[in-house]
Amino acid sequence: MKVYPRQFARLFAILLFVNFSLLSFAQRDVAKGAADRKNLSLRNEVARAVERGVKWLAAEQNATSGLWGAEEYPALTGLAARAIMGDPARKPGDKYASGIKKGVSFILSKVQSDGGIYGKGLASYNTSICLMALMQDKNPKHEPVIRKARNFLVNQQHDFDRRGVNDNVFDGGIGYGSRWAHSDLSNTHLALEALFYAKKTLETKEGEDLDLDWDAAIAFVGKCQNLPKTNKEKWVSAHDDDEGGFVYFPGSSMAGERELAGGKKALRSYGSMSYAGLLSFIYAEMDPKDDRVVTVRKWLSDHYSIKENPGMGQQGLYYYYHTMSKALSLSGVTSIKAKEGSLHDWRLELAQELFNLQQPNGSWINENGRWWERDPVLVSSYALLTLERIYYSL
């Protein structure tokens with residue numbers, strides 16, 4: 001067959017394209033294989049750390065009552081039980097099954113006549129966490145308790161003067177349900193989490209279930225964000241170090257104040273509440289392109305850290321890790337670009353940090369005792385739940 005120059009050039013171009021395509025596919029296969037091996041290696045390391053932590057945590061359970069921590073705060077038992085239930089190595093009927101059953105029985109013993117699950121106080125906080133534990137247990141017999149606890153949390157949503165949910169800055173949110181009467185972002189995000197999963201778990205029964213005013217809840221969450229475009233409260237900061245981030249509740253930040261031009265006082269954003277804000281948006285199934293979502297993601301990227309709770313140092317560090325792992329894994333985020341441009345594999349870096357912080361006996365502890373974090377049961381539960389999030393996202 002005679003091949004003319006123009007035909008030859010065309011044939012050469014086709015062959016060149018095919019060769020480059022095959023090379024590209026081969027390179028992608030190699031890269032994917034390397035990533036898979038890296039993920040498998042990290043999963044194995046995480047599994048070993050979880051195994052050690054679960055062994056320690058299981059030994060800390062009160063063998064008689066089934067509780068962990070203080071009796072009046074069943075949330076501690078809920079967190080510990082969830083951490084053990086989430087162990088990727090667990091199998092039905094294994095050596096931890098009896099302890100889980102006792103822990104769940106203790107939680108059920110704290111169910112109150114109003115449907116809440118609590119002891120002497122902090123009703124919303126304890127109910128939210130215990131409700132998550134009962135759903136994770138996946139026992140159909142828990143459904144009546146889950147349904148009533150869900151309705152209890154819905155009833156905790158504030159409408160202070162009963163004239164509408166937007167005329168008080170705390171309307172739409174949820175608080176501790178005790179002497180701290182007003183709403184706060186921490187309790188609101190925990191309640192939204194429990195209600196989000198309850199909605200997925202329960203089949204709605206006509207006339208039996210209440211429903212949260214999700215729009216009002218997000219309106220409250222927005223009142224906790226340093227975003228002048230959407231939040232007109234006088235304390236809101238447009239400072240580069242704050243904009244997009246979150247505070248504890250409207251008018252109060254655990255990270256304190258900053259002085260702006262003209263002597264104006266504004267509230268500083270900080271890490272753990274910014275992840276709680278992002279989680280609230282996720283549970284409310286907000287549009288990822290919403291300005292409130294976009295700006296908090298930017299703030300969290302700009303302030304990326306696994307060494308501290310940004311704005312708070314070592315205070316609330318393990319709570320920060322827990323909210324961080326939930327928000328990023330639910331968002332499908334695998335890498336974060338920090339403000340200076342560096343790219344971070346947050347799962348690898350956070351896992352390695354927790355490996356380094358794990359005690360020889362398998363537990364974790366925060367030497368900074370703010371928010372109960374000197375309690376190894378609480379902190380170890382947070383650490384295990386964080387590692388389990390990483391494991392299942394790999």
# chains A, B, ... in the order shown; residues from 1 in each chain; ligands from 1
>>> closest_atom_pairs(of="range 291-385 of chain A", to="range 263-278 of chain A", cutoff="9 Å", atoms="only C-alpha atoms", output="tab-separated table")
residue	atom	partner	partner_atom	distance
A:Arg292	CA	A:Leu278	CA	8.8
A:Val293	CA	A:Leu278	CA	6.6
A:Val296	CA	A:Leu278	CA	6.7
A:Arg297	CA	A:Leu278	CA	7.5
A:Trp299	CA	A:Ser274	CA	8.1
A:Leu300	CA	A:Gly271	CA	7.1
A:His303	CA	A:Gly271	CA	7.7
A:Tyr304	CA	A:Gly271	CA	8.6
A:Ser305	CA	A:Gly271	CA	8.9
A:Glu308	CA	A:Gly271	CA	8.8
A:Asn309	CA	A:Gly271	CA	5.4
A:Pro310	CA	A:Gly271	CA	4.7
A:Gly311	CA	A:Tyr270	CA	4.7
A:Met312	CA	A:Tyr270	CA	6.7
A:Gly316	CA	A:Ser272	CA	7.6
A:Leu317	CA	A:Ser272	CA	8.1
A:Tyr319	CA	A:Ser272	CA	6.9
A:Tyr320	CA	A:Ser272	CA	4.5
A:Tyr321	CA	A:Ser272	CA	7.9
A:His322	CA	A:Ser272	CA	8.8
A:Thr323	CA	A:Tyr275	CA	5.7
A:Met324	CA	A:Tyr275	CA	5.8
A:Lys326	CA	A:Tyr275	CA	8.6
A:Ala327	CA	A:Tyr275	CA	6.4
A:Leu328	CA	A:Tyr275	CA	8.8
>>> select_by_dssp(residues="range 71-247 of chain A", states="strand (DSSP E or B)", output="PyMOL selection string")
chain A and resi 111+117+225+246
>>> residues_around(residues="Ser183 in chain A", least_positions_apart="6", cutoff="8 Å", atoms="only C-alpha atoms", output="list of chain:residue names")
A:His158, A:Phe170, A:Asp171, A:Gly173, A:Ile174, A:Gly175, A:Tyr176, A:Phe249
>>> write_last_selection(atoms="N, CA and C atoms", output="CSV table (one decimal), in the first residue's frame")
chain,number,residue,atom,x,y,z
A,158,HIS,N,-35.3,26.9,70.8
A,158,HIS,CA,-35.7,28.1,71.5
A,158,HIS,C,-36.6,29.0,70.6
A,170,PHE,N,-31.1,34.5,70.1
A,170,PHE,CA,-31.0,33.1,70.5
A,170,PHE,C,-32.1,32.2,69.9
A,171,ASP,N,-33.1,32.7,69.3
A,171,ASP,CA,-34.1,31.9,68.7
A,171,ASP,C,-33.6,31.0,67.7
A,173,GLY,N,-32.0,28.2,68.1
A,173,GLY,CA,-30.9,27.4,68.6
A,173,GLY,C,-31.3,26.5,69.8
A,174,ILE,N,-30.3,25.7,70.3
A,174,ILE,CA,-30.6,24.8,71.4
A,174,ILE,C,-29.4,25.0,72.4
A,175,GLY,N,-29.7,25.0,73.7
A,175,GLY,CA,-28.7,25.2,74.7
A,175,GLY,C,-28.5,23.9,75.5
A,176,TYR,N,-27.9,24.0,76.7
A,176,TYR,CA,-27.7,22.8,77.5
A,176,TYR,C,-29.0,22.2,78.1
A,249,PHE,N,-21.4,31.6,71.0
A,249,PHE,CA,-22.8,32.0,70.8
A,249,PHE,C,-22.8,33.5,70.5
>>> residues_around(residues="range 336-338 of chain A", least_positions_apart="4", cutoff="7 Å", atoms="only C-alpha atoms", output="VMD selection string")
chain A and resid 301 to 304 342 to 346
>>> write_last_selection(atoms="all heavy atoms", output="mmCIF file, in the first residue's frame")
data_model
loop_
_atom_site.group_PDB
_atom_site.id
_atom_site.type_symbol
_atom_site.label_atom_id
_atom_site.label_comp_id
_atom_site.auth_asym_id
_atom_site.auth_seq_id
_atom_site.Cartn_x
_atom_site.Cartn_y
_atom_site.Cartn_z
ATOM 1 N N SER A 301 -9.474 26.397 56.172
ATOM 2 C CA SER A 301 -8.275 26.112 55.388
ATOM 3 C C SER A 301 -7.144 27.061 55.768
ATOM 4 O O SER A 301 -5.997 26.638 55.950
ATOM 5 C CB SER A 301 -8.575 26.239 53.885
ATOM 6 O OG SER A 301 -9.479 25.252 53.467
ATOM 7 N N ASP A 302 -7.472 28.339 55.892
ATOM 8 C CA ASP A 302 -6.461 29.342 56.241
ATOM 9 C C ASP A 302 -5.862 29.097 57.624
ATOM 10 O O ASP A 302 -4.720 29.497 57.887
ATOM 11 C CB ASP A 302 -7.062 30.751 56.194
ATOM 12 C CG ASP A 302 -7.339 31.227 54.778
ATOM 13 O OD1 ASP A 302 -6.867 30.572 53.823
ATOM 14 O OD2 ASP A 302 -8.032 32.250 54.624
ATOM 15 N N HIS A 303 -6.640 28.474 58.518
ATOM 16 C CA HIS A 303 -6.178 28.261 59.893
ATOM 17 C C HIS A 303 -5.933 26.786 60.195
ATOM 18 O O HIS A 303 -5.980 26.356 61.352
ATOM 19 C CB HIS A 303 -7.213 28.835 60.876
ATOM 20 C CG HIS A 303 -7.356 30.323 60.783
ATOM 21 N ND1 HIS A 303 -8.136 30.937 59.822
ATOM 22 C CD2 HIS A 303 -6.803 31.322 61.515
ATOM 23 C CE1 HIS A 303 -8.058 32.252 59.969
ATOM 24 N NE2 HIS A 303 -7.258 32.515 60.982
ATOM 25 N N TYR A 304 -5.635 26.026 59.157
ATOM 26 C CA TYR A 304 -5.427 24.587 59.324
ATOM 27 C C TYR A 304 -4.333 24.306 60.353
ATOM 28 O O TYR A 304 -3.243 24.881 60.306
ATOM 29 C CB TYR A 304 -5.031 23.955 57.988
ATOM 30 C CG TYR A 304 -4.604 22.521 58.119
ATOM 31 C CD1 TYR A 304 -5.553 21.511 58.270
ATOM 32 C CD2 TYR A 304 -3.253 22.172 58.104
ATOM 33 C CE1 TYR A 304 -5.162 20.182 58.407
ATOM 34 C CE2 TYR A 304 -2.859 20.849 58.235
ATOM 35 C CZ TYR A 304 -3.813 19.858 58.387
ATOM 36 O OH TYR A 304 -3.424 18.543 58.530
ATOM 37 N N SER A 342 0.717 25.710 51.238
ATOM 38 C CA SER A 342 1.108 24.316 51.419
ATOM 39 C C SER A 342 -0.126 23.404 51.402
ATOM 40 O O SER A 342 -1.202 23.778 51.864
ATOM 41 C CB SER A 342 1.869 24.138 52.736
ATOM 42 O OG SER A 342 1.087 24.576 53.831
ATOM 43 N N LEU A 343 0.047 22.203 50.852
ATOM 44 C CA LEU A 343 -1.040 21.239 50.738
ATOM 45 C C LEU A 343 -0.876 20.175 51.815
ATOM 46 O O LEU A 343 0.218 19.636 52.007
ATOM 47 C CB LEU A 343 -1.028 20.595 49.350
ATOM 48 C CG LEU A 343 -2.323 19.938 48.876
ATOM 49 C CD1 LEU A 343 -3.444 20.973 48.772
ATOM 50 C CD2 LEU A 343 -2.110 19.260 47.530
ATOM 51 N N HIS A 344 -1.979 19.864 52.520
ATOM 52 C CA HIS A 344 -1.907 18.938 53.654
ATOM 53 C C HIS A 344 -2.878 17.776 53.492
ATOM 54 O O HIS A 344 -4.065 17.979 53.203
ATOM 55 C CB HIS A 344 -2.234 19.682 54.960
ATOM 56 C CG HIS A 344 -1.271 20.774 55.283
ATOM 57 N ND1 HIS A 344 -0.141 20.564 56.046
ATOM 58 C CD2 HIS A 344 -1.253 22.084 54.914
ATOM 59 C CE1 HIS A 344 0.527 21.702 56.156
ATOM 60 N NE2 HIS A 344 -0.127 22.645 55.471
ATOM 61 N N ASP A 345 -2.376 16.563 53.685
ATOM 62 C CA ASP A 345 -3.212 15.378 53.782
ATOM 63 C C ASP A 345 -3.671 15.303 55.235
ATOM 64 O O ASP A 345 -2.963 14.769 56.092
ATOM 65 C CB ASP A 345 -2.397 14.138 53.393
ATOM 66 C CG ASP A 345 -3.218 12.855 53.434
ATOM 67 O OD1 ASP A 345 -4.255 12.823 54.124
ATOM 68 O OD2 ASP A 345 -2.804 11.861 52.809
ATOM 69 N N TRP A 346 -4.834 15.865 55.514
ATOM 70 C CA TRP A 346 -5.261 16.017 56.912
ATOM 71 C C TRP A 346 -5.434 14.671 57.614
ATOM 72 O O TRP A 346 -5.162 14.558 58.824
ATOM 73 C CB TRP A 346 -6.553 16.834 56.997
ATOM 74 C CG TRP A 346 -7.786 16.122 56.516
ATOM 75 C CD1 TRP A 346 -8.313 16.141 55.258
ATOM 76 C CD2 TRP A 346 -8.652 15.278 57.292
ATOM 77 N NE1 TRP A 346 -9.446 15.363 55.191
ATOM 78 C CE2 TRP A 346 -9.683 14.819 56.425
ATOM 79 C CE3 TRP A 346 -8.672 14.865 58.624
ATOM 80 C CZ2 TRP A 346 -10.704 13.977 56.853
ATOM 81 C CZ3 TRP A 346 -9.691 14.017 59.054
ATOM 82 C CH2 TRP A 346 -10.687 13.578 58.175
#
>>> residues_around(residues="Ala198 in chain A", least_positions_apart="3", cutoff="10 Å", atoms="only C-alpha atoms", output="list in words")
Leu131, Met132, Met135, Glu143, Ile146, Arg147, Ala149, Arg150, Leu192, Glu193, Ala194, Leu195, Thr201, Leu202, Glu203 and Thr204 of chain A
>>> residues_around(residues="Lys307 in chain A", least_positions_apart="6", cutoff="10 Å", atoms="only C-alpha atoms", output="PyMOL selection string")
chain A and resi 313-314+317+321+349-350+353
>>> select_by_dssp(residues="range 208-265 of chain A", states="helix (DSSP H, G or I)", output="short mmCIF file (atom, residue, chain, number, x, y, z; two decimals) with C-alpha atoms, in the first residue's frame")
data_model
loop_
_atom_site.label_atom_id
_atom_site.label_comp_id
_atom_site.auth_asym_id
_atom_site.auth_seq_id
_atom_site.Cartn_x
_atom_site.Cartn_y
_atom_site.Cartn_z
CA TRP A 214 -34.39 23.88 60.32
CA ASP A 215 -34.50 27.38 58.81
CA ALA A 216 -34.67 28.90 62.27
CA ALA A 217 -31.81 26.67 63.44
CA ILE A 218 -29.60 27.84 60.57
CA ALA A 219 -30.60 31.44 61.24
CA PHE A 220 -29.24 31.00 64.78
CA VAL A 221 -26.07 29.31 63.52
CA GLY A 222 -25.57 32.24 61.15
CA ALA A 261 -10.12 50.44 63.93
CA GLY A 262 -11.99 53.17 65.75
CA GLY A 263 -11.93 51.26 69.03
#
>>> residues_around(residues="Thr295 in chain A", least_positions_apart="6", cutoff="12 Å", atoms="only C-alpha atoms", output="list of chain:residue names")
A:Gly222, A:Gln225, A:Asn226, A:Leu227, A:Pro228, A:Lys229, A:Thr230, A:Ala238, A:Asp240, A:Asp241, A:Asp242, A:Glu243, A:Gly244, A:Gly245, A:Phe246, A:Ser274, A:Tyr275, A:Gly277, A:Leu278, A:Phe281, A:Pro288, A:Lys289, A:Ser301, A:Asp302
>>> write_last_selection(atoms="N, CA, C and O atoms", output="JSON list (two decimals), in the first residue's frame")
[["chain", "number", "residue", "atom", "x", "y", "z"],
["A", 222, "GLY", "N", -26.11, 31.08, 61.86],
["A", 222, "GLY", "CA", -25.57, 32.24, 61.15],
["A", 222, "GLY", "C", -25.28, 33.42, 62.06],
["A", 222, "GLY", "O", -24.38, 34.21, 61.78],
["A", 225, "GLN", "N", -21.66, 33.43, 63.31],
["A", 225, "GLN", "CA", -20.59, 33.51, 62.33],
["A", 225, "GLN", "C", -20.08, 34.92, 62.14],
["A", 225, "GLN", "O", -20.86, 35.87, 62.04],
["A", 226, "ASN", "N", -18.77, 35.05, 62.08],
["A", 226, "ASN", "CA", -18.15, 36.34, 61.79],
["A", 226, "ASN", "C", -18.22, 36.58, 60.28],
["A", 226, "ASN", "O", -17.27, 36.32, 59.54],
["A", 227, "LEU", "N", -19.37, 37.06, 59.83],
["A", 227, "LEU", "CA", -19.57, 37.31, 58.41],
["A", 227, "LEU", "C", -20.49, 38.53, 58.26],
["A", 227, "LEU", "O", -21.71, 38.41, 58.25],
["A", 228, "PRO", "N", -19.91, 39.71, 58.13],
["A", 228, "PRO", "CA", -20.71, 40.95, 58.09],
["A", 228, "PRO", "C", -21.76, 40.97, 56.98],
["A", 228, "PRO", "O", -22.79, 41.61, 57.13],
["A", 229, "LYS", "N", -21.51, 40.24, 55.91],
["A", 229, "LYS", "CA", -22.45, 40.21, 54.79],
["A", 229, "LYS", "C", -23.81, 39.64, 55.20],
["A", 229, "LYS", "O", -24.86, 40.09, 54.72],
["A", 230, "THR", "N", -23.80, 38.66, 56.11],
["A", 230, "THR", "CA", -25.05, 37.99, 56.50],
["A", 230, "THR", "C", -25.39, 38.15, 57.98],
["A", 230, "THR", "O", -26.52, 37.87, 58.38],
["A", 238, "ALA", "N", -14.84, 41.65, 60.74],
["A", 238, "ALA", "CA", -14.47, 41.49, 59.34],
["A", 238, "ALA", "C", -12.96, 41.38, 59.19],
["A", 238, "ALA", "O", -12.43, 41.39, 58.07],
["A", 240, "ASP", "N", -9.33, 39.91, 58.76],
["A", 240, "ASP", "CA", -8.89, 38.76, 57.96],
["A", 240, "ASP", "C", -8.73, 37.50, 58.79],
["A", 240, "ASP", "O", -8.90, 36.39, 58.27],
["A", 241, "ASP", "N", -8.40, 37.66, 60.04],
["A", 241, "ASP", "CA", -8.16, 36.50, 60.90],
["A", 241, "ASP", "C", -9.45, 35.93, 61.48],
["A", 241, "ASP", "O", -9.41, 34.89, 62.15],
["A", 242, "ASP", "N", -10.57, 36.59, 61.24],
["A", 242, "ASP", "CA", -11.85, 36.16, 61.81],
["A", 242, "ASP", "C", -12.93, 35.86, 60.79],
["A", 242, "ASP", "O", -13.78, 34.97, 61.01],
["A", 243, "GLU", "N", -12.93, 36.58, 59.68],
["A", 243, "GLU", "CA", -14.07, 36.52, 58.76],
["A", 243, "GLU", "C", -14.33, 35.11, 58.24],
["A", 243, "GLU", "O", -13.44, 34.45, 57.71],
["A", 244, "GLY", "N", -15.57, 34.66, 58.44],
["A", 244, "GLY", "CA", -15.97, 33.33, 58.02],
["A", 244, "GLY", "C", -16.00, 32.32, 59.13],
["A", 244, "GLY", "O", -16.69, 31.31, 59.06],
["A", 245, "GLY", "N", -15.22, 32.58, 60.19],
["A", 245, "GLY", "CA", -15.16, 31.66, 61.33],
["A", 245, "GLY", "C", -16.32, 31.87, 62.29],
["A", 245, "GLY", "O", -17.16, 32.75, 62.10],
["A", 246, "PHE", "N", -16.34, 31.08, 63.36],
["A", 246, "PHE", "CA", -17.46, 31.07, 64.29],
["A", 246, "PHE", "C", -17.04, 31.32, 65.73],
["A", 246, "PHE", "O", -15.88, 31.13, 66.11],
["A", 274, "SER", "N", -15.79, 26.71, 64.64],
["A", 274, "SER", "CA", -15.92, 26.88, 63.19],
["A", 274, "SER", "C", -16.24, 25.54, 62.53],
["A", 274, "SER", "O", -17.06, 25.49, 61.59],
["A", 275, "TYR", "N", -15.66, 24.46, 63.02],
["A", 275, "TYR", "CA", -16.04, 23.15, 62.52],
["A", 275, "TYR", "C", -17.46, 22.79, 62.94],
["A", 275, "TYR", "O", -18.21, 22.16, 62.19],
["A", 277, "GLY", "N", -19.84, 24.93, 63.28],
["A", 277, "GLY", "CA", -20.69, 25.70, 62.36],
["A", 277, "GLY", "C", -20.80, 25.02, 61.01],
["A", 277, "GLY", "O", -21.90, 24.90, 60.46],
["A", 278, "LEU", "N", -19.66, 24.54, 60.48],
["A", 278, "LEU", "CA", -19.70, 23.84, 59.20],
["A", 278, "LEU", "C", -20.55, 22.57, 59.31],
["A", 278, "LEU", "O", -21.34, 22.26, 58.40],
["A", 281, "PHE", "N", -24.21, 23.33, 59.05],
["A", 281, "PHE", "CA", -24.61, 23.55, 57.67],
["A", 281, "PHE", "C", -24.75, 22.22, 56.92],
["A", 281, "PHE", "O", -25.66, 22.04, 56.10],
["A", 288, "PRO", "N", -23.60, 23.83, 49.14],
["A", 288, "PRO", "CA", -22.17, 24.09, 49.37],
["A", 288, "PRO", "C", -21.69, 25.42, 48.82],
["A", 288, "PRO", "O", -20.64, 25.92, 49.24],
["A", 289, "LYS", "N", -22.44, 26.00, 47.88],
["A", 289, "LYS", "CA", -22.04, 27.28, 47.28],
["A", 289, "LYS", "C", -22.56, 28.48, 48.08],
["A", 289, "LYS", "O", -22.25, 29.63, 47.74],
["A", 301, "SER", "N", -9.47, 26.40, 56.17],
["A", 301, "SER", "CA", -8.28, 26.11, 55.39],
["A", 301, "SER", "C", -7.14, 27.06, 55.77],
["A", 301, "SER", "O", -6.00, 26.64, 55.95],
["A", 302, "ASP", "N", -7.47, 28.34, 55.89],
["A", 302, "ASP", "CA", -6.46, 29.34, 56.24],
["A", 302, "ASP", "C", -5.86, 29.10, 57.62],
["A", 302, "ASP", "O", -4.72, 29.50, 57.89]]
>>> atom_distance(atom1="CA of Gln157 in chain A", atom2="CA of Gly172 in chain A")
5.7 Å
>>> atom_distance(atom1="CA of Val379 in chain A", atom2="CA of Lys148 in chain A")
29.0 Å
>>> decode(residues="range 267-277 of chain A", atoms="all heavy atoms", output="short mmCIF file (atom, residue, chain, number, x, y, z; two decimals), in the first residue's frame")
data_model
loop_
_atom_site.label_atom_id
_atom_site.label_comp_id
_atom_site.auth_asym_id
_atom_site.auth_seq_id
_atom_site.Cartn_x
_atom_site.Cartn_y
_atom_site.Cartn_z
N LEU A 267 -15.44 39.98 68.15
CA LEU A 267 -15.13 38.66 68.71
C LEU A 267 -14.25 37.85 67.76
O LEU A 267 -14.45 37.87 66.55
CB LEU A 267 -16.43 37.89 68.98
CG LEU A 267 -17.38 38.51 70.01
CD1 LEU A 267 -18.60 37.62 70.20
CD2 LEU A 267 -16.67 38.71 71.35
N ARG A 268 -13.31 37.14 68.34
CA ARG A 268 -12.40 36.31 67.56
C ARG A 268 -13.04 34.97 67.20
O ARG A 268 -13.72 34.36 68.02
CB ARG A 268 -11.12 36.03 68.36
CG ARG A 268 -10.27 37.27 68.63
CD ARG A 268 -9.08 36.90 69.51
NE ARG A 268 -8.27 38.05 69.83
CZ ARG A 268 -7.21 38.45 69.14
NH1 ARG A 268 -6.85 37.77 68.05
NH2 ARG A 268 -6.52 39.51 69.50
N SER A 269 -12.79 34.50 66.01
CA SER A 269 -13.21 33.17 65.59
C SER A 269 -12.23 32.13 66.13
O SER A 269 -11.07 32.44 66.39
CB SER A 269 -13.24 33.07 64.06
OG SER A 269 -14.14 33.99 63.50
N TYR A 270 -12.71 30.89 66.28
CA TYR A 270 -11.78 29.82 66.67
C TYR A 270 -12.19 28.48 66.06
O TYR A 270 -13.30 28.31 65.56
CB TYR A 270 -11.61 29.73 68.19
CG TYR A 270 -12.82 29.42 69.03
CD1 TYR A 270 -12.98 28.16 69.61
CD2 TYR A 270 -13.78 30.39 69.31
CE1 TYR A 270 -14.06 27.87 70.43
CE2 TYR A 270 -14.85 30.12 70.13
CZ TYR A 270 -15.00 28.85 70.70
OH TYR A 270 -16.07 28.57 71.50
N GLY A 271 -11.25 27.54 66.10
CA GLY A 271 -11.33 26.32 65.32
C GLY A 271 -12.50 25.39 65.61
O GLY A 271 -13.25 25.03 64.70
N SER A 272 -12.64 24.97 66.86
CA SER A 272 -13.65 23.96 67.17
C SER A 272 -15.06 24.45 66.85
O SER A 272 -15.88 23.70 66.31
CB SER A 272 -13.55 23.53 68.64
OG SER A 272 -13.51 24.64 69.50
N MET A 273 -15.36 25.71 67.16
CA MET A 273 -16.70 26.22 66.84
C MET A 273 -16.87 26.45 65.35
O MET A 273 -17.99 26.37 64.83
CB MET A 273 -16.98 27.51 67.61
CG MET A 273 -17.38 27.30 69.05
SD MET A 273 -18.81 26.18 69.27
CE MET A 273 -17.97 24.65 69.73
N SER A 274 -15.79 26.71 64.64
CA SER A 274 -15.92 26.88 63.19
C SER A 274 -16.24 25.54 62.53
O SER A 274 -17.06 25.49 61.59
CB SER A 274 -14.63 27.48 62.62
OG SER A 274 -14.46 28.80 63.13
N TYR A 275 -15.66 24.46 63.02
CA TYR A 275 -16.04 23.15 62.52
C TYR A 275 -17.46 22.79 62.94
O TYR A 275 -18.21 22.16 62.19
CB TYR A 275 -15.05 22.07 62.97
CG TYR A 275 -13.85 21.97 62.06
CD1 TYR A 275 -12.57 22.21 62.54
CD2 TYR A 275 -14.01 21.62 60.72
CE1 TYR A 275 -11.46 22.12 61.69
CE2 TYR A 275 -12.91 21.53 59.87
CZ TYR A 275 -11.65 21.78 60.36
OH TYR A 275 -10.56 21.69 59.52
N ALA A 276 -17.86 23.20 64.15
CA ALA A 276 -19.25 22.97 64.59
C ALA A 276 -20.23 23.72 63.69
O ALA A 276 -21.31 23.22 63.36
CB ALA A 276 -19.43 23.40 66.05
N GLY A 277 -19.84 24.93 63.28
CA GLY A 277 -20.69 25.70 62.36
C GLY A 277 -20.80 25.02 61.01
O GLY A 277 -21.90 24.90 60.46
#
